[in-house]
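Read through the structure below, which is laid out as structure tokens, and then see the notes.
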Amino acid sequence: MKTNLLRSACLSVVITAMFSVQSWADNLSYASPESVGMSSERLDKIAPALKRYVDEGQLAGVVSMVARKGEIVHFEEYGVLNKETGQAIEKDSIFRIYSMTKPITTLAVMMLYEEGKLQLTDPVERYLPAFTNVRVAGPGGALVAPTRPMTVQMLMTHTAGLTYGVFGDTLVDRQYRDASVMTSPDNTTFIERLGAIPLQYQPGTRFHYSVATDVLGALVEAVSGQTLGEFFEQRIFDPLQMEDTFFQVPAEKLGRFGTNHTFNPQSGQLEVSDRVEGSNFVNRQTFESGGGGLLSTAEDYMRFSQMVINGGQLDGERIIGSKTLEFMTQNHLGGIFGTTGQHSPHELPGMARGTGFGLGFAVVEDPTAVGGNGSVGEYYWGGAAGTIFWIDPVEELVGIVMIQHMNVQVPLRAAFKALTYGAIID
């Protein structure tokens with residue numbers, strides 16, 4: 001008990017400090033590592049370590065990027081972008097970022113919250129009536145009424161009772177697949193199909209990774225009157241100069257988009273799982289998925305991340321309030337949603353004990369339990385094709401890795417983090 005109280009107190013101090021006194025730069029530029037307390041010699045170890053995975057045939061290509069105190073100190077590329085043509089990967093290559101879409105969608109909802117257009121405690125059915133009569137799957141397949149309404153905040157924390165339909169084989173998971181929920185032609189159809197399926201759990205009773213952020217995307221459309229893509233472009237991407245982040249690759253940028261891959265354990269070879277031609281990211285997407293539909297570059301996502309670590313602004317453009325970001329980057333899984341036990345986010349692959357979940361981000365509460373270098377208050381997320389980012393407000397540090405590899409087996413994130421933190425000398 002005393003340990004948990006001390007940990008919470010320490011995290012509170014970290015969060016308050018990181019948003020009340022901004023010592024880092026409000027824009028992005030390049031600088032020598034030594035000028036921001038990092039070692040050039042040690043940062044140079046990142047390239048051969050990550051390139052080894054490419055040389056061994058375990059990854060096709062990698063782009064890695066590190067910034068400290070608003071200054072870019074590492075930006076490298078290794079390998080190929082298109083395995084079929086052998087085209088080399090470049091620093092401005094465009095990647096499927098999948099679930100790294102989620103923090104952006106959640107931020108969009110919080111922008112609407114700041115404007116008084118919704119409350120986090122509002123029932124979702126107020127904006128999306130398809131959920132008005134939703135039921136919960138009970139024992140033996142019986143349907144029961146929800147004990148409390150599904151709220152906007154529950155969607156943000158993956159505690160709304162929804163699932164994904166692809167990771168499990170429960171009755172509800174099978175209904176998701178039978179209804180083709182994840183291949184809906186648009187957000188309206190997606191919500192109609194989802195609203196007709198029972199919840200897997202009672203709302204607010206457990207963390208379960210799900211399509212909740214896709215629902216948030218539909219909610220943004222309902223509240224703003226814009227498509228999700230229009231809202232993103234007007235309110236986030238244009239102000240942040242994120243010129244290479246979108247739901248569909250423009251024709252003039254198609255040469256910067258490559259293949260996605262998976263590793264075949266039988267053949268021991270890296271195989272193409274999504275070609276450029278015929279990819280859903282090339283053909284027009286009418287279902288703009290708030291949970292996993294975006295493409296981006298390392299530099300664009302660095303601009304988004306730097307805006308977040310700056311407390312909501314970059315290059316003089318304020319996107320959201322610093323107090324709102326402070327709220328978003330705290331662990332919201334309190335009480336029965338503690339960081340240990342049955343109902344905890346470490347049930348999700350890639351999340352360790354000592355980790356909680358905020359609004360759109362995983363949040364580190366105990367780095368010693370996570371089992372790798374980092375800080376209390378660090379927050380992060382990743383995508384299905386192996387893309388990752390983390391933000392450490394204590395060290396004023398952002399790390400990003402972009403790859404295109406489904407179900408990646410190499411310890412890429414752990415190695416990159418260890419090498420990056422090992423380069424901090426002041």
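Identifiers in the structure tokens: chain A, B, ... in order shown; residue index from 1 per chain; ligand index from 1 in order shown.
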Report task. Mind the document's chain letters and residue numbers, and return as number ranges by chain the residues of stretch 148-371 of chain A that DSSP labels helix (DSSP H, G or I). Result -> A: 152-157, 171-178, 181-183, 187-195, 212-224, 228-240, 251-256, 298-309, 322-328, 335-337, 345-347, 367-370
Write out as a PDB file with N, CA and C atoms, in the first residue's frame which residues come within 12 Å of A:Pro265 when counting only C-alpha atoms, dropping same-chain ones fewer than 2 positions away.
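Writing done, so here's around_27.pdb:
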```
ATOM      1  N   GLN A  58      15.594 -10.498 -41.215  1.00  0.00           N
ATOM      2  CA  GLN A  58      14.446 -10.500 -40.309  1.00  0.00           C
ATOM      3  C   GLN A  58      13.551  -9.276 -40.484  1.00  0.00           C
ATOM      4  N   THR A 262       5.716 -10.174 -43.574  1.00  0.00           N
ATOM      5  CA  THR A 262       5.599 -11.093 -42.448  1.00  0.00           C
ATOM      6  C   THR A 262       6.695 -12.140 -42.584  1.00  0.00           C
ATOM      7  N   PHE A 263       7.050 -12.757 -41.472  1.00  0.00           N
ATOM      8  CA  PHE A 263       8.125 -13.755 -41.490  1.00  0.00           C
ATOM      9  C   PHE A 263       7.513 -15.146 -41.515  1.00  0.00           C
ATOM     10  N   SER A 267       9.701 -21.403 -44.016  1.00  0.00           N
ATOM     11  CA  SER A 267      10.726 -21.165 -45.034  1.00  0.00           C
ATOM     12  C   SER A 267      11.908 -20.387 -44.490  1.00  0.00           C
ATOM     13  N   GLY A 268      11.698 -19.727 -43.340  1.00  0.00           N
ATOM     14  CA  GLY A 268      12.746 -18.881 -42.791  1.00  0.00           C
ATOM     15  C   GLY A 268      12.967 -17.615 -43.593  1.00  0.00           C
ATOM     16  N   GLN A 269      11.951 -17.231 -44.376  1.00  0.00           N
ATOM     17  CA  GLN A 269      12.080 -16.081 -45.257  1.00  0.00           C
ATOM     18  C   GLN A 269      11.066 -14.993 -44.901  1.00  0.00           C
ATOM     19  N   LEU A 270      11.446 -13.769 -45.216  1.00  0.00           N
ATOM     20  CA  LEU A 270      10.546 -12.634 -45.092  1.00  0.00           C
ATOM     21  C   LEU A 270       9.676 -12.587 -46.336  1.00  0.00           C
ATOM     22  N   GLU A 271       8.352 -12.554 -46.160  1.00  0.00           N
ATOM     23  CA  GLU A 271       7.435 -12.577 -47.293  1.00  0.00           C
ATOM     24  C   GLU A 271       6.591 -11.312 -47.330  1.00  0.00           C
ATOM     25  N   ASN A 407       3.535  -8.835 -36.912  1.00  0.00           N
ATOM     26  CA  ASN A 407       3.935  -9.827 -35.909  1.00  0.00           C
ATOM     27  C   ASN A 407       5.453  -9.963 -35.810  1.00  0.00           C
ATOM     28  N   VAL A 408       6.120  -8.826 -35.713  1.00  0.00           N
ATOM     29  CA  VAL A 408       7.584  -8.829 -35.662  1.00  0.00           C
ATOM     30  C   VAL A 408       8.070  -9.591 -34.431  1.00  0.00           C
ATOM     31  N   GLN A 409       9.097 -10.407 -34.608  1.00  0.00           N
ATOM     32  CA  GLN A 409       9.603 -11.260 -33.535  1.00  0.00           C
ATOM     33  C   GLN A 409      10.909 -10.761 -32.933  1.00  0.00           C
TER      34      GLN A 409
END
```
Query raised in the report: Do you know which residues are at most 6 Å from stretch 68-82 of chain A counting only C-alpha atoms, after dropping those on the same chain fewer than 3 positions away, and could you put them as a ChimeraX atom specification?
Result: /A:24-25,28-31,33,51,60-65,85-89,91,258-259,396-397
**Report entry** Filtered DSSP result for stretch 27-255 of chain A, state strand (DSSP E or B), as number ranges by chain
**Finding:** A: 29-30, 38, 61-68, 71-82, 87-88, 94-96, 123, 136-137, 143-144, 151, 199, 246
For the selection you just gave me, I'd like the residues written to a file as a PDB file, in the first residue's frame, keeping C-alpha atoms.
```pdb
ATOM      1  CA  SER A  29      15.654  21.377 -35.521  1.00  0.00           C
ATOM      2  CA  TYR A  30      18.878  19.389 -35.772  1.00  0.00           C
ATOM      3  CA  MET A  38      23.800  12.854 -25.447  1.00  0.00           C
ATOM      4  CA  GLY A  61      13.924  -1.870 -43.788  1.00  0.00           C
ATOM      5  CA  VAL A  62      14.003   0.475 -40.810  1.00  0.00           C
ATOM      6  CA  VAL A  63      13.885   4.225 -40.185  1.00  0.00           C
ATOM      7  CA  SER A  64      14.855   5.353 -36.677  1.00  0.00           C
ATOM      8  CA  MET A  65      14.689   8.813 -35.143  1.00  0.00           C
ATOM      9  CA  VAL A  66      15.581  10.350 -31.767  1.00  0.00           C
ATOM     10  CA  ALA A  67      15.015  13.885 -30.485  1.00  0.00           C
ATOM     11  CA  ARG A  68      15.974  15.392 -27.142  1.00  0.00           C
ATOM     12  CA  GLU A  71      16.503  18.775 -31.193  1.00  0.00           C
ATOM     13  CA  ILE A  72      16.845  15.867 -33.617  1.00  0.00           C
ATOM     14  CA  VAL A  73      20.045  13.980 -32.765  1.00  0.00           C
ATOM     15  CA  HIS A  74      19.588  10.721 -34.688  1.00  0.00           C
ATOM     16  CA  PHE A  75      17.806  10.053 -37.989  1.00  0.00           C
ATOM     17  CA  GLU A  76      18.889   7.005 -40.040  1.00  0.00           C
ATOM     18  CA  GLU A  77      17.510   4.517 -42.548  1.00  0.00           C
ATOM     19  CA  TYR A  78      18.549   0.946 -43.366  1.00  0.00           C
ATOM     20  CA  GLY A  79      17.357  -1.645 -45.898  1.00  0.00           C
ATOM     21  CA  VAL A  80      14.631  -1.639 -48.539  1.00  0.00           C
ATOM     22  CA  LEU A  81      11.186  -0.079 -48.802  1.00  0.00           C
ATOM     23  CA  ASN A  82       9.829  -2.440 -51.441  1.00  0.00           C
ATOM     24  CA  GLN A  87      13.824   0.007 -53.829  1.00  0.00           C
ATOM     25  CA  ALA A  88      15.840   1.469 -50.972  1.00  0.00           C
ATOM     26  CA  ILE A  94       5.614   6.486 -45.995  1.00  0.00           C
ATOM     27  CA  PHE A  95       4.524   3.768 -43.548  1.00  0.00           C
ATOM     28  CA  ARG A  96       1.319   2.058 -42.485  1.00  0.00           C
ATOM     29  CA  PRO A 123     -22.998   8.076 -22.801  1.00  0.00           C
ATOM     30  CA  VAL A 136     -23.903  -7.506 -22.801  1.00  0.00           C
ATOM     31  CA  ALA A 137     -23.018 -11.155 -23.430  1.00  0.00           C
ATOM     32  CA  LEU A 143     -27.870 -11.288 -23.115  1.00  0.00           C
ATOM     33  CA  VAL A 144     -28.175  -8.930 -20.160  1.00  0.00           C
ATOM     34  CA  THR A 151     -19.078   6.460 -21.875  1.00  0.00           C
ATOM     35  CA  LEU A 199     -20.632  -6.109 -25.581  1.00  0.00           C
ATOM     36  CA  PHE A 246      -3.252  10.719 -44.456  1.00  0.00           C
TER      37      PHE A 246
END
```
Query raised in the report: Of the residues A:Val172, A:Met150, A:Met111, A:Val223, which is the one nearest to A:Tyr127, using only C-alpha atoms?
Result: A:Val223
Requested in this report: Record the distance separating atom CA of A:Val220 and atom CA of A:Leu194, expressed in Å with one decimal.
Outcome: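 Straight-line distance from atom CA of A:Val220 to atom CA of A:Leu194 works out to 16.7 Å.
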Query - A:Thr159 environment, 7 Å, only C-alpha atoms, sequence neighbours closer than 2 positions dropped, as a VMD selection string - result: chain A and resid 154 to 155 157 161 203 to 208
Emit the selected residues as a compact mmCIF listing (two decimals), in the first residue's frame, including N, CA and C atoms.
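Generated file (result.txt):
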```
# COMPACT_ATOMS: atom_id res chain seq x y z
N MET A 154 -14.62 5.72 -21.39
CA MET A 154 -14.39 4.28 -21.46
C MET A 154 -13.84 3.87 -22.82
N LEU A 155 -14.31 4.53 -23.87
CA LEU A 155 -13.76 4.25 -25.20
C LEU A 155 -12.28 4.56 -25.25
N THR A 157 -10.10 4.50 -22.86
CA THR A 157 -9.29 3.63 -22.01
C THR A 157 -9.49 2.14 -22.31
N GLY A 161 -16.14 -2.38 -22.94
CA GLY A 161 -16.78 -3.67 -23.14
C GLY A 161 -16.69 -4.19 -24.56
N PRO A 203 -19.60 -2.57 -19.28
CA PRO A 203 -18.80 -1.35 -19.40
C PRO A 203 -18.17 -0.95 -18.07
N GLY A 204 -16.90 -0.55 -18.15
CA GLY A 204 -16.20 -0.06 -16.98
C GLY A 204 -15.71 -1.11 -16.01
N THR A 205 -15.67 -2.38 -16.43
CA THR A 205 -15.26 -3.43 -15.50
C THR A 205 -13.89 -4.04 -15.80
N ARG A 206 -13.36 -3.82 -17.02
CA ARG A 206 -12.03 -4.35 -17.30
C ARG A 206 -11.44 -3.68 -18.54
N PHE A 207 -10.11 -3.70 -18.60
CA PHE A 207 -9.38 -3.24 -19.78
C PHE A 207 -9.39 -4.37 -20.81
N HIS A 208 -9.79 -4.04 -22.04
CA HIS A 208 -9.76 -5.03 -23.12
C HIS A 208 -9.53 -4.27 -24.43
```
Query - Exercise: stretch 290-298 of chain A partners within 8 Å, only C-alpha atoms, chain neighbours under 6 positions left out, as an MDAnalysis selection string - result: chainID A and resid 63:65 91:102 105 211:218 228 244:249 281 383 400:402
Output file for the residues above (N, CA and C atoms, as a JSON list (two decimals), in the first residue's frame):
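Printed below is result29.json as written:
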```json
[["chain", "number", "residue", "atom", "x", "y", "z"],
["A", 63, "VAL", "N", 13.53, 2.82, -40.39],
["A", 63, "VAL", "CA", 13.88, 4.22, -40.18],
["A", 63, "VAL", "C", 13.80, 4.49, -38.69],
["A", 64, "SER", "N", 14.85, 5.06, -38.11],
["A", 64, "SER", "CA", 14.85, 5.35, -36.68],
["A", 64, "SER", "C", 15.17, 6.83, -36.46],
["A", 65, "MET", "N", 14.58, 7.37, -35.39],
["A", 65, "MET", "CA", 14.69, 8.81, -35.14],
["A", 65, "MET", "C", 14.66, 9.07, -33.65],
["A", 91, "LYS", "N", 14.50, 8.31, -45.66],
["A", 91, "LYS", "CA", 14.03, 8.96, -44.44],
["A", 91, "LYS", "C", 12.59, 9.45, -44.57],
["A", 92, "ASP", "N", 12.16, 9.78, -45.80],
["A", 92, "ASP", "CA", 10.79, 10.27, -46.00],
["A", 92, "ASP", "C", 9.84, 9.20, -46.50],
["A", 93, "SER", "N", 10.21, 7.93, -46.37],
["A", 93, "SER", "CA", 9.32, 6.84, -46.77],
["A", 93, "SER", "C", 8.03, 6.88, -45.96],
["A", 94, "ILE", "N", 6.95, 6.44, -46.60],
["A", 94, "ILE", "CA", 5.61, 6.49, -46.00],
["A", 94, "ILE", "C", 5.26, 5.09, -45.48],
["A", 95, "PHE", "N", 4.77, 5.04, -44.23],
["A", 95, "PHE", "CA", 4.52, 3.77, -43.55],
["A", 95, "PHE", "C", 3.06, 3.63, -43.12],
["A", 96, "ARG", "N", 2.59, 2.38, -43.11],
["A", 96, "ARG", "CA", 1.32, 2.06, -42.48],
["A", 96, "ARG", "C", 1.56, 2.11, -40.97],
["A", 97, "ILE", "N", 0.94, 3.05, -40.27],
["A", 97, "ILE", "CA", 1.22, 3.15, -38.84],
["A", 97, "ILE", "C", 0.13, 2.48, -37.99],
["A", 98, "TYR", "N", -0.92, 2.01, -38.61],
["A", 98, "TYR", "CA", -1.98, 1.26, -37.92],
["A", 98, "TYR", "C", -2.34, 1.90, -36.57],
["A", 99, "SER", "N", -2.10, 1.23, -35.46],
["A", 99, "SER", "CA", -2.62, 1.71, -34.17],
["A", 99, "SER", "C", -1.92, 2.96, -33.64],
["A", 100, "MET", "N", -0.86, 3.41, -34.29],
["A", 100, "MET", "CA", -0.33, 4.73, -33.93],
["A", 100, "MET", "C", -1.27, 5.84, -34.38],
["A", 101, "THR", "N", -2.35, 5.45, -35.08],
["A", 101, "THR", "CA", -3.46, 6.37, -35.36],
["A", 101, "THR", "C", -4.21, 6.71, -34.08],
["A", 102, "LYS", "N", -4.25, 5.79, -33.13],
["A", 102, "LYS", "CA", -5.10, 5.93, -31.94],
["A", 102, "LYS", "C", -4.80, 7.18, -31.11],
["A", 105, "THR", "N", -6.43, 10.16, -32.91],
["A", 105, "THR", "CA", -7.89, 10.17, -32.80],
["A", 105, "THR", "C", -8.34, 10.58, -31.41],
["A", 211, "VAL", "N", -11.92, -2.17, -30.66],
["A", 211, "VAL", "CA", -12.25, -1.21, -31.71],
["A", 211, "VAL", "C", -12.72, 0.12, -31.14],
["A", 212, "ALA", "N", -12.54, 0.32, -29.85],
["A", 212, "ALA", "CA", -13.07, 1.52, -29.20],
["A", 212, "ALA", "C", -12.60, 2.81, -29.86],
["A", 213, "THR", "N", -11.35, 2.85, -30.31],
["A", 213, "THR", "CA", -10.85, 4.09, -30.92],
["A", 213, "THR", "C", -11.45, 4.30, -32.30],
["A", 214, "ASP", "N", -11.84, 3.23, -32.98],
["A", 214, "ASP", "CA", -12.59, 3.39, -34.22],
["A", 214, "ASP", "C", -13.95, 4.03, -33.93],
["A", 215, "VAL", "N", -14.56, 3.64, -32.81],
["A", 215, "VAL", "CA", -15.81, 4.27, -32.41],
["A", 215, "VAL", "C", -15.58, 5.76, -32.12],
["A", 216, "LEU", "N", -14.45, 6.07, -31.50],
["A", 216, "LEU", "CA", -14.11, 7.48, -31.27],
["A", 216, "LEU", "C", -14.00, 8.24, -32.58],
["A", 217, "GLY", "N", -13.46, 7.60, -33.61],
["A", 217, "GLY", "CA", -13.38, 8.25, -34.91],
["A", 217, "GLY", "C", -14.75, 8.59, -35.46],
["A", 218, "ALA", "N", -15.69, 7.66, -35.31],
["A", 218, "ALA", "CA", -17.07, 7.93, -35.74],
["A", 218, "ALA", "C", -17.70, 9.02, -34.89],
["A", 228, "LEU", "N", -13.56, 12.18, -40.62],
["A", 228, "LEU", "CA", -12.39, 12.11, -39.75],
["A", 228, "LEU", "C", -11.16, 12.67, -40.46],
["A", 244, "ASP", "N", 2.71, 14.52, -44.80],
["A", 244, "ASP", "CA", 2.74, 13.15, -45.31],
["A", 244, "ASP", "C", 1.96, 12.19, -44.43],
["A", 245, "THR", "N", 0.91, 12.68, -43.79],
["A", 245, "THR", "CA", 0.06, 11.84, -42.94],
["A", 245, "THR", "C", -1.36, 11.92, -43.47],
["A", 246, "PHE", "N", -1.95, 10.75, -43.80],
["A", 246, "PHE", "CA", -3.25, 10.72, -44.46],
["A", 246, "PHE", "C", -3.79, 9.29, -44.42],
["A", 247, "PHE", "N", -5.03, 9.12, -44.88],
["A", 247, "PHE", "CA", -5.65, 7.79, -44.94],
["A", 247, "PHE", "C", -5.37, 7.08, -46.27],
["A", 248, "GLN", "N", -4.98, 7.82, -47.28],
["A", 248, "GLN", "CA", -4.71, 7.25, -48.60],
["A", 248, "GLN", "C", -3.47, 7.89, -49.17],
["A", 249, "VAL", "N", -2.60, 7.08, -49.79],
["A", 249, "VAL", "CA", -1.39, 7.62, -50.40],
["A", 249, "VAL", "C", -1.77, 8.41, -51.66],
["A", 281, "PHE", "N", -4.47, 0.99, -48.72],
["A", 281, "PHE", "CA", -3.96, 2.33, -48.47],
["A", 281, "PHE", "C", -3.69, 3.10, -49.76],
["A", 383, "GLY", "N", 2.19, 0.22, -33.61],
["A", 383, "GLY", "CA", 1.26, -0.22, -34.64],
["A", 383, "GLY", "C", 1.49, -1.67, -35.02],
["A", 400, "ILE", "N", 11.38, 7.15, -32.15],
["A", 400, "ILE", "CA", 10.46, 6.62, -33.17],
["A", 400, "ILE", "C", 11.19, 5.60, -34.03],
["A", 401, "VAL", "N", 10.54, 4.46, -34.28],
["A", 401, "VAL", "CA", 11.04, 3.48, -35.24],
["A", 401, "VAL", "C", 9.92, 3.14, -36.20],
["A", 402, "MET", "N", 10.23, 3.15, -37.48],
["A", 402, "MET", "CA", 9.26, 2.79, -38.52],
["A", 402, "MET", "C", 9.76, 1.57, -39.27]]
```
**Report entry** Å distance separating atom CA of A:Pro198 from atom CA of A:Leu162, one decimal place
**Finding:**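 Between atom CA of A:Pro198 and atom CA of A:Leu162 the gap is 8.4 Å.
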Requested in this report: For A:Arg303, list every protein, DNA or RNA residue within 8 Å, evaluated using only C-alpha atoms, and leave out those in the same chain fewer than 4 positions away; present the list as a list in words.
Outcome: Leu28, Leu240, Gln241, Met242, Glu299, Met307 and Leu314 of chain A
Store the residues picked out above in a file with N, CA and C atoms, as a PDB file, in the first residue's frame.
```pdb
ATOM      1  N   LEU A  28      11.193  22.022 -33.949  1.00  0.00           N
ATOM      2  CA  LEU A  28      12.139  20.936 -34.204  1.00  0.00           C
ATOM      3  C   LEU A  28      13.279  21.427 -35.082  1.00  0.00           C
ATOM      4  N   LEU A 240       0.346  21.473 -37.853  1.00  0.00           N
ATOM      5  CA  LEU A 240       1.623  20.875 -37.461  1.00  0.00           C
ATOM      6  C   LEU A 240       2.545  20.616 -38.650  1.00  0.00           C
ATOM      7  N   GLN A 241       2.100  20.988 -39.844  1.00  0.00           N
ATOM      8  CA  GLN A 241       2.879  20.753 -41.067  1.00  0.00           C
ATOM      9  C   GLN A 241       3.206  19.269 -41.246  1.00  0.00           C
ATOM     10  N   MET A 242       2.240  18.424 -40.913  1.00  0.00           N
ATOM     11  CA  MET A 242       2.364  16.986 -41.143  1.00  0.00           C
ATOM     12  C   MET A 242       1.848  16.702 -42.554  1.00  0.00           C
ATOM     13  N   GLU A 299       9.295  11.582 -39.687  1.00  0.00           N
ATOM     14  CA  GLU A 299       9.398  13.008 -39.370  1.00  0.00           C
ATOM     15  C   GLU A 299       8.040  13.601 -39.015  1.00  0.00           C
ATOM     16  N   MET A 307       4.887  18.044 -30.446  1.00  0.00           N
ATOM     17  CA  MET A 307       3.770  18.877 -30.007  1.00  0.00           C
ATOM     18  C   MET A 307       3.243  18.393 -28.668  1.00  0.00           C
ATOM     19  N   LEU A 314       3.550  23.493 -31.230  1.00  0.00           N
ATOM     20  CA  LEU A 314       4.776  23.323 -32.005  1.00  0.00           C
ATOM     21  C   LEU A 314       4.853  24.454 -33.022  1.00  0.00           C
TER      22      LEU A 314
END
```
Query - Counting only C-alpha atoms, the option among A:Ser279, A:Ser289, A:Gln202, A:Thr420 closest to A:Asp186 - result: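 The closest residue to A:Asp186 is A:Ser289.
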Query raised in the report: In terms of the shortest atom-to-atom distance over only C-alpha atoms, which of A:Ser224, A:Ser305, A:Thr387, A:Gln234 is closest to A:Val109?
Result: A:Ser224
Report task. Excluding A:Thr286 and residues on its chain fewer than 6 positions from it, collect all residues at most 9 Å away from it, counting only C-alpha atoms, and give them as a PyMOL selection string. Result -> chain A and resi 184-187
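Minimum atom-to-atom distance to A:Ala385, evaluated using only C-alpha atoms, belongs to A:Gln404 out of A:Gln404, A:Asn331, A:Asn264, A:Thr189.
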Requested in this report: Find, counting only C-alpha atoms, the residue in A:Gly374, A:Val36, A:Lys83, A:Tyr113 that gets nearest to A:Arg275.
Outcome: A:Lys83
Query - Of the listed residues A:Pro250, A:Gln175, A:Thr121, A:Gln330, that which approaches A:Asn283 most closely, counting only C-alpha atoms - result: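 Checking each of A:Pro250, A:Gln175, A:Thr121, A:Gln330 against A:Asn283, counting only C-alpha atoms, the winner is A:Pro250.
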